[in-house]
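What follows is the content of data_30.cif, which has mmCIF, C-alpha atoms and all ligand atoms:
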```cif
data_run
#
loop_
_atom_site.label_atom_id
_atom_site.label_comp_id
_atom_site.auth_asym_id
_atom_site.auth_seq_id
_atom_site.Cartn_x
_atom_site.Cartn_y
_atom_site.Cartn_z
CA MET W 11 -27.29 -1.38 10.20
CA ASP W 12 -26.90 2.31 10.91
CA CYS W 13 -23.39 3.49 11.75
CA ASP W 14 -21.27 6.56 12.34
CA ILE W 15 -18.76 5.78 9.58
CA LEU W 16 -19.16 3.60 6.54
CA VAL W 17 -15.82 2.55 5.07
CA VAL W 18 -15.89 1.40 1.45
CA GLY W 19 -13.04 -1.08 0.85
CA ALA W 20 -11.11 -3.54 3.03
CA GLY W 21 -7.63 -2.77 1.72
CA ILE W 22 -4.97 -1.38 4.05
CA HIS W 23 -6.53 2.10 4.12
CA GLY W 24 -10.07 0.87 4.81
CA ALA W 25 -8.73 -1.41 7.56
CA ALA W 26 -6.66 1.40 9.09
CA VAL W 27 -9.55 3.89 9.08
CA ALA W 28 -11.83 1.25 10.65
CA HIS W 29 -9.21 0.66 13.32
CA ALA W 30 -8.68 4.37 14.07
CA ALA W 31 -12.45 5.01 14.18
CA ALA W 32 -13.24 1.99 16.37
CA ARG W 33 -10.44 2.98 18.74
CA ARG W 34 -12.10 6.37 19.17
CA GLY W 35 -15.41 4.67 20.03
CA TYR W 36 -17.28 5.25 16.75
CA ARG W 37 -19.66 2.70 15.23
CA VAL W 38 -17.86 1.75 12.02
CA HIS W 39 -18.97 -0.60 9.28
CA VAL W 40 -16.67 -1.76 6.45
CA ILE W 41 -17.99 -3.13 3.17
CA GLU W 42 -15.76 -5.02 0.73
CA GLN W 43 -16.86 -6.13 -2.71
CA PHE W 44 -14.64 -9.23 -2.67
CA GLY W 45 -14.69 -12.23 -0.32
CA ARG W 46 -11.66 -11.33 1.80
CA PRO W 47 -9.50 -8.32 2.79
CA ALA W 48 -6.65 -7.01 0.62
CA GLU W 49 -7.88 -8.46 -2.67
CA GLY W 50 -7.07 -5.16 -4.44
CA THR W 51 -3.73 -3.32 -4.36
CA SER W 52 -2.97 -4.24 -0.76
CA SER W 53 -1.84 -7.78 -1.65
CA ARG W 54 -0.04 -6.74 -4.86
CA SER W 55 2.51 -4.25 -3.55
CA SER W 56 6.29 -4.64 -3.31
CA LYS W 57 5.73 -5.49 0.39
CA LEU W 58 8.19 -2.88 1.61
CA ILE W 59 7.74 -0.78 4.71
CA HIS W 60 10.09 1.98 3.68
CA GLY W 61 10.72 5.69 3.50
CA GLY W 62 11.32 5.47 -0.25
CA LEU W 63 14.98 6.33 -0.78
CA ARG W 64 14.36 7.32 -4.39
CA TYR W 65 11.74 9.94 -3.42
CA LEU W 66 14.63 12.06 -2.10
CA GLU W 67 15.60 12.79 -5.68
CA THR W 68 12.21 14.27 -6.48
CA GLY W 69 12.33 16.35 -3.30
CA GLN W 70 9.54 14.49 -1.50
CA LEU W 71 11.27 14.94 1.88
CA ARG W 72 8.06 15.22 3.89
CA LEU W 73 6.80 11.92 2.44
CA VAL W 74 10.10 10.18 3.23
CA ARG W 75 10.18 11.49 6.80
CA GLU W 76 6.53 10.52 7.39
CA CYS W 77 7.10 7.01 6.01
CA LEU W 78 10.28 6.47 8.05
CA HIS W 79 8.41 7.54 11.17
CA ALA W 80 5.63 5.07 10.28
CA GLN W 81 8.25 2.37 9.67
CA ARG W 82 9.67 2.82 13.19
CA ALA W 83 6.19 2.58 14.69
CA LEU W 84 5.39 -0.60 12.73
CA LEU W 85 8.70 -2.23 13.68
CA ARG W 86 7.76 -1.58 17.30
CA GLU W 87 4.07 -2.45 17.16
CA ARG W 88 3.97 -5.36 14.68
CA PRO W 89 7.34 -7.11 15.02
CA SER W 90 5.97 -10.42 13.75
CA LEU W 91 4.76 -8.79 10.52
CA VAL W 92 7.35 -6.10 9.80
CA GLN W 93 11.03 -6.98 9.80
CA LEU W 94 14.12 -4.88 9.25
CA THR W 95 15.91 -6.21 6.16
CA PRO W 96 19.30 -5.34 4.61
CA PHE W 97 19.12 -3.65 1.21
CA TYR W 98 22.11 -3.83 -1.17
CA LEU W 99 22.62 -1.00 -3.63
CA PRO W 100 25.33 -1.75 -6.21
CA VAL W 101 27.01 1.03 -8.20
CA TYR W 102 28.52 0.05 -11.59
CA THR W 103 30.43 2.14 -14.09
CA HIS W 104 27.15 2.43 -16.07
CA THR W 105 24.96 3.36 -13.03
CA THR W 106 23.41 6.82 -13.47
CA ARG W 107 24.10 8.02 -9.94
CA PRO W 108 27.75 8.06 -8.83
CA ALA W 109 28.73 6.45 -5.49
CA TRP W 110 29.15 9.82 -3.72
CA LYS W 111 25.59 10.82 -4.66
CA ILE W 112 24.19 7.56 -3.35
CA ALA W 113 26.19 7.92 -0.13
CA PHE W 114 24.79 11.45 0.24
CA GLY W 115 21.23 10.16 -0.34
CA LEU W 116 21.72 7.45 2.30
CA TRP W 117 23.11 10.01 4.73
CA LEU W 118 20.07 12.24 4.17
CA TYR W 119 17.78 9.20 4.50
CA ARG W 120 19.41 8.42 7.85
CA LEU W 121 18.97 12.05 8.91
CA LEU W 122 15.25 11.88 8.11
CA GLY W 123 14.83 8.86 10.39
CA GLY W 124 16.26 5.94 8.40
CA GLN W 125 18.59 3.23 9.63
CA ARG W 126 22.36 3.05 9.47
CA PHE W 127 24.23 2.29 6.22
CA ARG W 128 27.72 1.23 5.21
CA ARG W 129 29.87 0.60 2.16
CA ILE W 130 30.55 -3.11 1.63
CA PRO W 131 34.27 -3.80 1.03
CA ALA W 132 35.20 -5.38 -2.31
CA SER W 133 36.48 -8.45 -0.45
CA GLU W 134 32.83 -9.32 0.38
CA TRP W 135 31.34 -8.82 -3.09
CA HIS W 136 31.73 -12.49 -3.99
CA ASP W 137 29.14 -13.33 -1.30
CA LEU W 138 26.22 -11.24 -2.66
CA ASP W 139 23.89 -13.94 -4.01
CA GLY W 140 25.66 -14.13 -7.37
CA LEU W 141 25.54 -10.38 -8.09
CA ASP W 142 27.70 -9.66 -11.14
CA SER W 143 30.91 -7.93 -9.98
CA HIS W 144 32.14 -7.00 -13.48
CA ASP W 145 32.46 -3.16 -13.66
CA LEU W 146 31.18 -2.96 -10.08
CA ARG W 147 32.46 0.19 -8.38
CA ALA W 148 30.78 0.15 -4.94
CA VAL W 149 28.05 -1.61 -2.97
CA PHE W 150 26.11 0.12 -0.19
CA ARG W 151 24.08 -1.67 2.45
CA TYR W 152 21.31 0.07 4.34
CA PHE W 153 18.22 -1.13 6.19
CA ASP W 154 14.52 -0.79 5.40
CA ALA W 155 11.71 -3.19 6.27
CA GLN W 156 9.70 -5.91 4.55
CA THR W 157 6.22 -7.21 5.34
CA ASP W 158 3.48 -9.49 4.10
CA ASP W 159 1.02 -6.87 2.82
CA ARG W 160 -2.05 -9.13 2.92
CA ALA W 161 -1.26 -10.40 6.43
CA LEU W 162 -0.66 -6.82 7.61
CA THR W 163 -4.04 -5.71 6.22
CA GLU W 164 -5.77 -8.71 7.83
CA ALA W 165 -4.12 -7.93 11.18
CA VAL W 166 -5.18 -4.26 11.12
CA LEU W 167 -8.74 -5.24 10.15
CA ALA W 168 -8.86 -7.92 12.88
CA ASP W 169 -7.78 -5.29 15.43
CA ALA W 170 -10.58 -3.02 14.21
CA GLN W 171 -13.09 -5.87 14.57
CA ALA W 172 -11.82 -6.64 18.07
CA LEU W 173 -12.67 -3.02 18.94
CA GLY W 174 -16.21 -3.38 17.59
CA ALA W 175 -16.00 -2.60 13.86
CA SER W 176 -18.24 -4.75 11.66
CA VAL W 177 -17.16 -5.99 8.23
CA ALA W 178 -19.32 -7.28 5.37
CA PHE W 179 -17.55 -9.13 2.53
CA ASN W 180 -18.99 -9.73 -0.93
CA THR W 181 -20.84 -6.47 -0.39
CA ARG W 182 -20.69 -3.67 -2.90
CA LEU W 183 -21.63 -0.04 -2.54
CA GLU W 184 -24.32 0.76 -5.08
CA ARG W 185 -25.52 4.22 -4.04
CA ALA W 186 -25.03 6.80 -1.34
CA GLU W 187 -27.34 9.81 -1.13
CA CYS W 188 -25.88 12.39 1.20
CA THR W 189 -27.76 15.32 2.72
CA ALA W 190 -26.82 18.02 5.21
CA THR W 191 -27.17 15.51 8.09
CA ARG W 192 -26.68 11.91 6.87
CA CYS W 193 -25.80 9.58 4.00
CA ARG W 194 -28.42 7.04 2.99
CA VAL W 195 -26.48 4.06 1.67
CA ARG W 196 -27.55 1.19 -0.54
CA CYS W 197 -25.31 -1.90 -0.83
CA HIS W 198 -25.64 -5.26 -2.47
CA GLY W 199 -24.43 -8.22 -0.42
CA PRO W 200 -24.92 -11.98 -0.14
CA ALA W 201 -28.45 -11.49 1.24
CA GLY W 202 -29.40 -9.01 -1.52
CA ALA W 203 -29.92 -5.26 -1.25
CA GLU W 204 -29.41 -3.56 2.09
CA GLU W 205 -30.07 0.05 3.09
CA PHE W 206 -28.80 1.95 6.10
CA THR W 207 -27.57 5.37 7.15
CA ALA W 208 -24.09 6.61 8.02
CA ILE W 209 -23.03 9.99 9.34
CA CYS W 210 -19.84 9.88 7.24
CA VAL W 211 -18.50 7.81 4.36
CA VAL W 212 -14.83 7.03 3.77
CA ASN W 213 -14.09 6.07 0.21
CA ALA W 214 -11.08 3.74 0.59
CA ALA W 215 -11.69 1.97 -2.72
CA GLY W 216 -8.10 2.21 -4.04
CA PRO W 217 -8.12 2.15 -7.85
CA TRP W 218 -11.95 2.11 -7.78
CA VAL W 219 -11.97 5.48 -5.94
CA ASN W 220 -13.58 7.49 -8.75
CA LEU W 221 -16.05 4.69 -9.59
CA VAL W 222 -17.26 4.84 -5.98
CA LEU W 223 -17.64 8.64 -6.25
CA GLU W 224 -19.89 8.05 -9.26
CA CYS W 225 -22.31 6.22 -6.93
CA MET W 226 -22.73 9.31 -4.80
CA THR W 227 -25.33 12.06 -4.87
CA PRO W 228 -24.99 14.98 -4.92
CA HIS W 229 -22.30 14.73 -7.59
CA LEU W 230 -18.87 14.95 -5.92
CA ALA W 231 -16.06 16.17 -8.14
CA PRO W 232 -13.42 13.44 -8.59
CA LEU W 233 -9.70 14.16 -8.83
CA ASP W 234 -8.02 13.69 -12.18
CA ILE W 235 -5.99 10.50 -11.81
CA GLU W 236 -4.14 7.89 -13.82
CA LEU W 237 -3.97 4.22 -12.97
CA VAL W 238 -0.48 2.80 -13.45
CA GLN W 239 0.02 -0.92 -13.32
CA GLY W 240 2.94 -2.46 -11.43
CA THR W 241 3.83 -6.10 -12.02
CA HIS W 242 5.94 -8.48 -9.92
CA ILE W 243 7.20 -11.94 -10.83
CA VAL W 244 8.16 -14.79 -8.50
CA VAL W 245 11.11 -16.93 -9.63
CA PRO W 246 13.04 -19.82 -8.05
CA GLY W 247 16.06 -19.10 -5.86
CA ARG W 248 16.68 -18.09 -2.26
CA LEU W 249 18.48 -14.79 -1.64
CA LYS W 250 20.43 -15.16 1.57
CA ARG W 251 21.75 -11.62 2.02
CA GLY W 252 18.63 -9.49 1.61
CA ILE W 253 17.03 -7.19 -0.96
CA TYR W 254 18.83 -5.83 -4.05
CA TYR W 255 17.95 -2.32 -5.18
CA LEU W 256 18.82 -2.15 -8.87
CA GLU W 257 18.68 0.37 -11.67
CA ALA W 258 16.89 -1.13 -14.69
CA PRO W 259 19.35 -0.93 -17.62
CA GLN W 260 16.41 -0.37 -20.03
CA ASP W 261 15.06 2.87 -18.56
CA ARG W 262 16.97 3.59 -15.29
CA ARG W 263 13.92 2.89 -13.08
CA ALA W 264 14.34 1.26 -9.64
CA VAL W 265 13.69 -2.49 -9.54
CA PHE W 266 13.83 -4.60 -6.37
CA VAL W 267 14.94 -8.24 -6.22
CA MET W 268 13.70 -9.62 -2.90
CA PRO W 269 13.49 -12.81 -0.89
CA TRP W 270 9.86 -13.93 -0.71
CA ARG W 271 8.50 -17.10 0.87
CA GLY W 272 11.53 -19.22 -0.07
CA HIS W 273 11.65 -17.80 -3.61
CA THR W 274 12.68 -14.50 -5.23
CA LEU W 275 10.28 -11.65 -5.97
CA ILE W 276 11.19 -9.12 -8.68
CA GLY W 277 9.34 -5.87 -9.26
CA THR W 278 8.06 -3.62 -10.41
CA THR W 279 6.98 -2.02 -13.68
CA GLU W 280 5.00 1.10 -14.60
CA THR W 281 2.46 0.63 -17.36
CA PRO W 282 -0.49 3.01 -17.86
CA TYR W 283 -3.79 1.14 -17.35
CA ARG W 284 -7.23 2.01 -18.65
CA GLY W 285 -9.53 -0.94 -17.95
CA ASP W 286 -11.67 -2.18 -15.10
CA PRO W 287 -9.39 -2.32 -12.03
CA ALA W 288 -10.63 -5.87 -11.33
CA ASP W 289 -9.17 -7.08 -14.64
CA VAL W 290 -5.54 -5.97 -14.23
CA GLN W 291 -3.11 -8.73 -15.22
CA PRO W 292 0.69 -8.92 -15.65
CA LEU W 293 1.65 -8.36 -19.30
CA PRO W 294 4.24 -10.57 -21.06
CA SER W 295 6.26 -7.42 -21.90
CA GLU W 296 6.46 -6.56 -18.18
CA GLN W 297 7.58 -10.09 -17.31
CA PHE W 298 10.35 -9.92 -19.97
CA TYR W 299 11.42 -6.51 -18.65
CA LEU W 300 11.80 -7.85 -15.08
CA LEU W 301 13.62 -11.00 -16.23
CA ALA W 302 16.00 -8.82 -18.27
CA VAL W 303 16.82 -6.69 -15.20
CA TYR W 304 17.57 -9.83 -13.17
CA ASN W 305 19.67 -11.40 -15.95
CA HIS W 306 21.62 -8.17 -16.39
CA TYR W 307 22.74 -8.11 -12.73
CA PHE W 308 22.97 -11.74 -11.60
CA ASN W 309 25.24 -14.53 -12.76
CA SER W 310 22.42 -17.11 -12.80
CA GLN W 311 20.16 -16.60 -15.82
CA LEU W 312 16.36 -16.96 -15.91
CA GLU W 313 14.01 -17.94 -18.75
CA PRO W 314 10.30 -17.02 -19.04
CA THR W 315 9.51 -20.66 -18.19
CA ASP W 316 11.18 -20.11 -14.77
CA ILE W 317 8.40 -17.73 -13.68
CA LEU W 318 6.49 -19.43 -10.86
CA ALA W 319 3.86 -16.74 -10.37
CA SER W 320 3.16 -13.12 -11.18
CA PHE W 321 0.74 -10.43 -10.04
CA ALA W 322 -0.12 -6.85 -10.93
CA GLY W 323 -1.47 -4.00 -8.82
CA LEU W 324 -2.61 -0.48 -9.68
CA ARG W 325 -1.09 2.75 -8.42
CA VAL W 326 -3.42 5.75 -8.20
CA LEU W 327 -1.32 8.70 -9.36
CA PRO W 328 -2.22 12.32 -10.10
CA ALA W 329 -2.76 12.74 -13.83
CA GLY W 330 0.08 14.59 -15.46
CA LYS W 331 2.71 14.67 -18.11
CA GLY W 332 5.98 12.80 -17.87
CA ARG W 333 6.94 9.42 -16.51
CA ALA W 334 4.89 7.86 -13.73
CA PHE W 335 8.20 7.13 -11.97
CA THR W 336 8.74 10.81 -11.10
CA ARG W 337 5.13 11.69 -10.12
CA PRO W 338 4.35 12.53 -6.46
CA ARG W 339 3.44 9.52 -4.29
CA ASP W 340 1.73 11.41 -1.46
CA THR W 341 -1.62 10.26 -0.16
CA VAL W 342 -4.30 12.77 -1.15
CA LEU W 343 -7.38 13.06 1.07
CA HIS W 344 -10.09 14.59 -1.04
CA CYS W 345 -13.25 16.13 0.28
CA ASP W 346 -15.72 18.19 -1.76
CA ASP W 347 -16.46 21.45 0.12
CA ALA W 348 -20.15 20.91 -0.58
CA MET W 349 -20.14 17.51 1.18
CA PRO W 350 -17.53 17.31 3.98
CA ARG W 351 -19.00 14.06 5.32
CA VAL W 352 -17.49 12.09 2.41
CA VAL W 353 -13.68 11.68 2.32
CA SER W 354 -11.91 9.87 -0.53
CA ILE W 355 -8.39 8.43 -0.17
CA TYR W 356 -6.28 8.70 -3.32
CA GLY W 357 -2.99 6.83 -3.69
CA GLY W 358 -0.75 6.50 -0.68
CA LYS W 359 1.58 3.95 0.80
CA LEU W 360 1.11 0.72 2.67
CA THR W 361 3.81 2.06 5.01
CA SER W 362 1.92 5.16 6.13
CA HIS W 363 -1.57 3.62 6.48
CA ALA W 364 -1.93 4.47 10.19
CA HIS W 365 -0.90 8.10 9.64
CA THR W 366 -3.39 8.40 6.78
CA ALA W 367 -6.17 6.99 8.98
CA VAL W 368 -5.42 9.57 11.69
CA GLN W 369 -5.63 12.36 9.08
CA VAL W 370 -8.99 11.02 7.86
CA MET W 371 -10.32 10.98 11.43
CA LYS W 372 -9.13 14.57 11.95
CA MET W 373 -11.22 15.60 8.93
CA LEU W 374 -14.32 13.71 10.07
CA GLU W 375 -14.35 14.27 13.82
CA PRO W 376 -15.82 17.81 13.72
CA ILE W 377 -18.79 16.36 11.79
CA LEU W 378 -19.11 13.24 13.95
CA LYS W 379 -19.03 15.32 17.14
CA ARG W 380 -21.56 17.83 15.77
CA ASP W 381 -24.09 15.34 14.37
C1 LIG W 401 2.89 -2.21 -7.72
C2 LIG W 401 2.76 -1.51 -6.41
C3 LIG W 401 3.77 -1.63 -5.47
C4 LIG W 401 3.64 -0.98 -4.24
N1 LIG W 401 4.61 -1.16 -3.32
C5 LIG W 401 4.51 -0.56 -2.12
C6 LIG W 401 5.48 -0.80 -1.12
O1 LIG W 401 6.40 -1.59 -1.30
N2 LIG W 401 5.36 -0.14 0.06
C7 LIG W 401 4.34 0.73 0.31
O2 LIG W 401 4.31 1.31 1.38
N3 LIG W 401 3.36 0.95 -0.62
C8 LIG W 401 3.42 0.32 -1.80
N4 LIG W 401 2.46 0.50 -2.75
C9 LIG W 401 1.29 1.34 -2.41
C10 LIG W 401 0.26 0.55 -1.58
O3 LIG W 401 0.26 -0.79 -1.94
C11 LIG W 401 -1.14 1.13 -1.81
O4 LIG W 401 -1.13 2.50 -1.58
C12 LIG W 401 -2.16 0.51 -0.88
O5 LIG W 401 -2.13 -0.89 -0.89
C13 LIG W 401 -3.55 1.00 -1.30
O6 LIG W 401 -4.47 0.47 -0.40
P1 LIG W 401 -5.99 0.88 -0.49
O7 LIG W 401 -6.67 0.33 0.72
O8 LIG W 401 -6.13 2.35 -0.76
O9 LIG W 401 -6.52 0.18 -1.85
P2 LIG W 401 -6.83 -1.34 -2.14
O10 LIG W 401 -5.92 -2.25 -1.45
O11 LIG W 401 -6.93 -1.47 -3.62
O12 LIG W 401 -8.26 -1.56 -1.50
C14 LIG W 401 -9.44 -1.01 -2.04
C15 LIG W 401 -10.57 -1.99 -1.73
O13 LIG W 401 -11.82 -1.37 -2.04
C16 LIG W 401 -12.69 -2.38 -2.52
N5 LIG W 401 -13.79 -1.75 -3.27
C17 LIG W 401 -13.66 -1.02 -4.41
N6 LIG W 401 -14.89 -0.59 -4.82
C18 LIG W 401 -15.80 -1.07 -3.93
C19 LIG W 401 -17.23 -0.96 -3.81
N7 LIG W 401 -17.98 -0.28 -4.70
N8 LIG W 401 -17.84 -1.59 -2.76
C20 LIG W 401 -17.10 -2.30 -1.85
N9 LIG W 401 -15.75 -2.43 -1.92
C21 LIG W 401 -15.10 -1.81 -2.94
C22 LIG W 401 -11.76 -3.22 -3.40
O14 LIG W 401 -12.29 -4.50 -3.64
C23 LIG W 401 -10.47 -3.25 -2.60
O15 LIG W 401 -10.38 -4.38 -1.75
C24 LIG W 401 2.52 -0.16 -3.97
C25 LIG W 401 1.51 -0.04 -4.92
C26 LIG W 401 1.61 -0.72 -6.12
C27 LIG W 401 0.50 -0.63 -7.11
#
```

Can I see the file as structure tokens?
Ligand SMILES: Cc1cc2nc3c(=O)[nH]c(=O)nc-3n(C[C@H](O)[C@H](O)[C@H](O)COP(=O)(O)OP(=O)(O)OC[C@H]3O[C@@H](n4cnc5c(N)ncnc54)[C@H](O)[C@@H]3O)c2cc1C
Amino acid sequence: MDCDILVVGAGIHGAAVAHAAARRGYRVHVIEQFGRPAEGTSSRSSKLIHGGLRYLETGQLRLVRECLHAQRALLRERPSLVQLTPFYLPVYTHTTRPAWKIAFGLWLYRLLGGQRFRRIPASEWHDLDGLDSHDLRAVFRYFDAQTDDRALTEAVLADAQALGASVAFNTRLERAECTATRCRVRCHGPAGAEEFTAICVVNAAGPWVNLVLECMTPHLAPLDIELVQGTHIVVPGRLKRGIYYLEAPQDRRAVFVMPWRGHTLIGTTETPYRGDPADVQPLPSEQFYLLAVYNHYFNSQLEPTDILASFAGLRVLPAGKGRAFTRPRDTVLHCDDAMPRVVSIYGGKLTSHAHTAVQVMKMLEPILKRD
């Protein structure tokens, strides 16, 4: 089936590009190696639609502003899937950032498009889901949003299909030979091998991004990346106030404790990963780390046997020295000058998927209009 745009991957980025392309009237075909959408990273995220308060500290102001803008649009356009949720940020005597610094960060966050915030009076601390108030100095409440990442991806893909995009599951890209005018694509699906042509190819393969580039001729230079695993655990207990934004006592990283489908979701970790992306699994050490963060901050104590479920996803980060925690989280759209009809999406946020898709279309439209 010949098409204008072949999208490799039915995660949030593949779905969003399919939607943006179909809306502009292009013939778009999505292939997904697994049997349903969002089987990769897009069902293993922290499920937050947020600007990323902590990115202020690393100076990623443009990313924060972009994500907060995207959050407002999603709250408006997908109210059944994206809900504003209170976040509680406690400050203890041992917390790295003092209360004034956090208040300044929240003020800046608000200025960049975030929601209102306030300091919770000490008289209300007893009602914070059993948060330990020993050595507690201040608690801030602000608002960000929560979603169901898989359901969001399915909704975006369904919208793309309603506009004419076609989707093939259990179908894997095997080869794409691109010339000055077209890409000749070979896939393997339920009915065996299939060949067709596409004017452009969007590589939205998430942590498989460089493996997909290896299937392409001519050789397209990949970006140097690292895969960093992030694990979440699900434990019993209903949080009635909202999401807790905590500083892990072990290494000062941010860890969220969130209400999730009648239980509590805790995440995440950052562990370098070097295997096949399909094989990523939560490690016992990561589960202990997350339990220890919870037990440090809450009066109720959890054991490893309390873990109801766990999952791990892979971040695609630029290779570099230092902790993954402080690396840039921008989406990188990579296109080899020698072959502008192939665009690869590296990294990015669930939150800014629609913005990313618009940027991809801006890169491809001169080619689509010419050819
Ligand atoms: C632990 C963690 C927490 C996160 N939390 C948040 C958060 O709270 N908020 C936020 O905004 N962002 C968050 N993110 C980022 C966000 O989840 C990701 O940026 C986003 O889900 C990536 O989507 P994607 O479509 O690029 O990749 P994926 O969802 O991984 O999709 C890629 C798809 O491509 C398919 N594919 C791969 N190779 C082939 C092939 N050869 N042929 C066919 N199909 C193929 C895969 O099967 C997969 O379905 C988080 C990320 C991680 C890892």

For the contact check between range 165-206 of chain W and range 223-235 of chain W, emit one row per residue of range 165-206 of chain W within 10 Å, containing the shortest atom pair and the distance in Å rounded to one decimal, counting all atoms listed in the file, chain then rising number order, as JSON lines.
```
{"residue": "W:Leu183", "atom": "CA", "partner": "W:Cys225", "partner_atom": "CA", "distance": 7.7}
{"residue": "W:Glu184", "atom": "CA", "partner": "W:Cys225", "partner_atom": "CA", "distance": 6.1}
{"residue": "W:Arg185", "atom": "CA", "partner": "W:Cys225", "partner_atom": "CA", "distance": 4.8}
{"residue": "W:Ala186", "atom": "CA", "partner": "W:Met226", "partner_atom": "CA", "distance": 4.9}
{"residue": "W:Glu187", "atom": "CA", "partner": "W:Thr227", "partner_atom": "CA", "distance": 4.8}
{"residue": "W:Cys188", "atom": "CA", "partner": "W:Thr227", "partner_atom": "CA", "distance": 6.1}
{"residue": "W:Thr189", "atom": "CA", "partner": "W:Pro228", "partner_atom": "CA", "distance": 8.1}
{"residue": "W:Cys193", "atom": "CA", "partner": "W:Thr227", "partner_atom": "CA", "distance": 9.2}
{"residue": "W:Arg194", "atom": "CA", "partner": "W:Thr227", "partner_atom": "CA", "distance": 9.8}
{"residue": "W:Val195", "atom": "CA", "partner": "W:Met226", "partner_atom": "CA", "distance": 9.1}
{"residue": "W:Arg196", "atom": "CA", "partner": "W:Cys225", "partner_atom": "CA", "distance": 9.7}
```

From the set W:Glu204, W:Asp14, W:Pro108, W:Asp145, which residue has the shortest atom-to-atom contact distance to Arg34 in chain W, counting all atoms listed in the file?
W:Asp14

Test item: residues no farther than 7 Å from ligand LIG 401 (chain W), counting only C-alpha atoms and all ligand atoms, as a ChimeraX atom specification
/W:18-24,41-44,47-60,181-184,214-219,222,239-241,278,322-325,355-362

Among the residues W:Arg46, W:His363, W:Arg251, W:His198, the one that comes closest to Leu141 in chain W [using all atoms listed in the file]:
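Result for the nearest residue to Leu141 in chain W: W:Arg251.
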
d(CA of Trp117 in chain W, CA of Arg147 in chain W) in Å
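Pair CA of Trp117 in chain W / CA of Arg147 in chain W returns 18.9 Å.
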
Write out as AutoDock Vina command-line options an axis-aligned box for range 113-132 of chain W: all of its atoms listed in the file, 4 Å added on each side, centre and edge lengths in Å with one decimal.
```
--center_x 25.0 --center_y 3.4 --center_z 4.0 --size_x 28.4 --size_y 25.6 --size_z 20.7
```

Students should find that CA of Ser90 in chain W and CA of Ala155 in chain W are spaced 11.9 Å

d(CA of Glu257 in chain W, CA of Tyr119 in chain W) in Å
18.4 Å

W:Asp169, W:Val368, W:Gly247, W:Val149: which is nearest Thr105 in chain W, counting only C-alpha atoms?
W:Val149

9 Å contact set for Ala319 in chain W, all atoms listed in the file, chain neighbours under 5 positions out, as a list of chain:residue names:
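Non-adjacent residues within range: W:His242, W:Ile243, W:Val244, W:Val245.
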
Best match for closeness to Phe206 in chain W among W:Arg192, W:His79, W:His136, W:Leu63, counting only C-alpha atoms:
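Closest candidate: W:Arg192.
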
Fewer than 3 positions away in the same chain doesn't count, so skip those; otherwise give me all residues within 9 Å of Arg351 in chain W, counting only C-alpha atoms, as a ChimeraX atom specification.
/W:188,190-193,209-212,345-346,373-374,377-378

Pick out the closest residue to Leu122 in chain W from this set: W:Arg72, W:Arg107, W:Arg160, W:His365. Count all atoms listed in the file.
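Distance minimum relative to Leu122 in chain W lands on W:Arg72.
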
Closest of W:Val267, W:Asp316, W:Val92, W:Ala208 to Asp381 in chain W - atom-to-atom distances counting all atoms listed in the file:
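Checking each candidate against Asp381 in chain W, we get W:Ala208 as the closest.
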
Find the residues of range 260-312 of chain W that sit at most 12 Å from range 100-104 of chain W; for each, write down the nearest two atoms and how far apart they are in Å, to one decimal. Count only C-alpha atoms. Sort by chain, then by number going up, and give it as JSON lines.
```
{"residue": "W:Gln260", "atom": "CA", "partner": "W:His104", "partner_atom": "CA", "distance": 11.8}
{"residue": "W:Arg262", "atom": "CA", "partner": "W:His104", "partner_atom": "CA", "distance": 10.3}
{"residue": "W:Ala264", "atom": "CA", "partner": "W:Pro100", "partner_atom": "CA", "distance": 11.9}
{"residue": "W:Phe266", "atom": "CA", "partner": "W:Pro100", "partner_atom": "CA", "distance": 11.8}
{"residue": "W:His306", "atom": "CA", "partner": "W:Tyr102", "partner_atom": "CA", "distance": 11.8}
{"residue": "W:Tyr307", "atom": "CA", "partner": "W:Pro100", "partner_atom": "CA", "distance": 9.5}
{"residue": "W:Phe308", "atom": "CA", "partner": "W:Pro100", "partner_atom": "CA", "distance": 11.6}
```

Which residues come within 12 Å of Gly35 in chain W, counting all atoms listed in the file, excluding same-chain residues fewer than 2 positions away, as a list of chain:residue names?
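Here the qualifying residues turn out to be W:Cys13, W:Asp14, W:Ile15, W:Ala28, W:His29, W:Ala30, W:Ala31, W:Ala32, W:Arg33, W:Arg37, W:Val38, W:Ala170, W:Leu173, W:Gly174, W:Ala175, W:Met371, W:Glu375, W:Leu378, W:Lys379.
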
Output requested as a short mmCIF file (atom, residue, chain, number, x, y, z; two decimals), in the frame of the given file - range 137-141 of chain W, filled out with N, CA and C atoms.
```cif
data_model
loop_
_atom_site.label_atom_id
_atom_site.label_comp_id
_atom_site.auth_asym_id
_atom_site.auth_seq_id
_atom_site.Cartn_x
_atom_site.Cartn_y
_atom_site.Cartn_z
N ASP W 137 30.15 -12.66 -2.13
CA ASP W 137 29.14 -13.33 -1.30
C ASP W 137 27.78 -12.63 -1.39
N LEU W 138 27.47 -12.01 -2.53
CA LEU W 138 26.22 -11.24 -2.66
C LEU W 138 25.24 -11.95 -3.60
N ASP W 139 24.92 -13.19 -3.29
CA ASP W 139 23.89 -13.94 -4.01
C ASP W 139 24.12 -14.01 -5.52
N GLY W 140 25.37 -14.00 -5.93
CA GLY W 140 25.66 -14.13 -7.37
C GLY W 140 25.51 -12.82 -8.12
N LEU W 141 25.60 -11.69 -7.42
CA LEU W 141 25.54 -10.38 -8.09
C LEU W 141 26.78 -10.24 -8.97
#
```
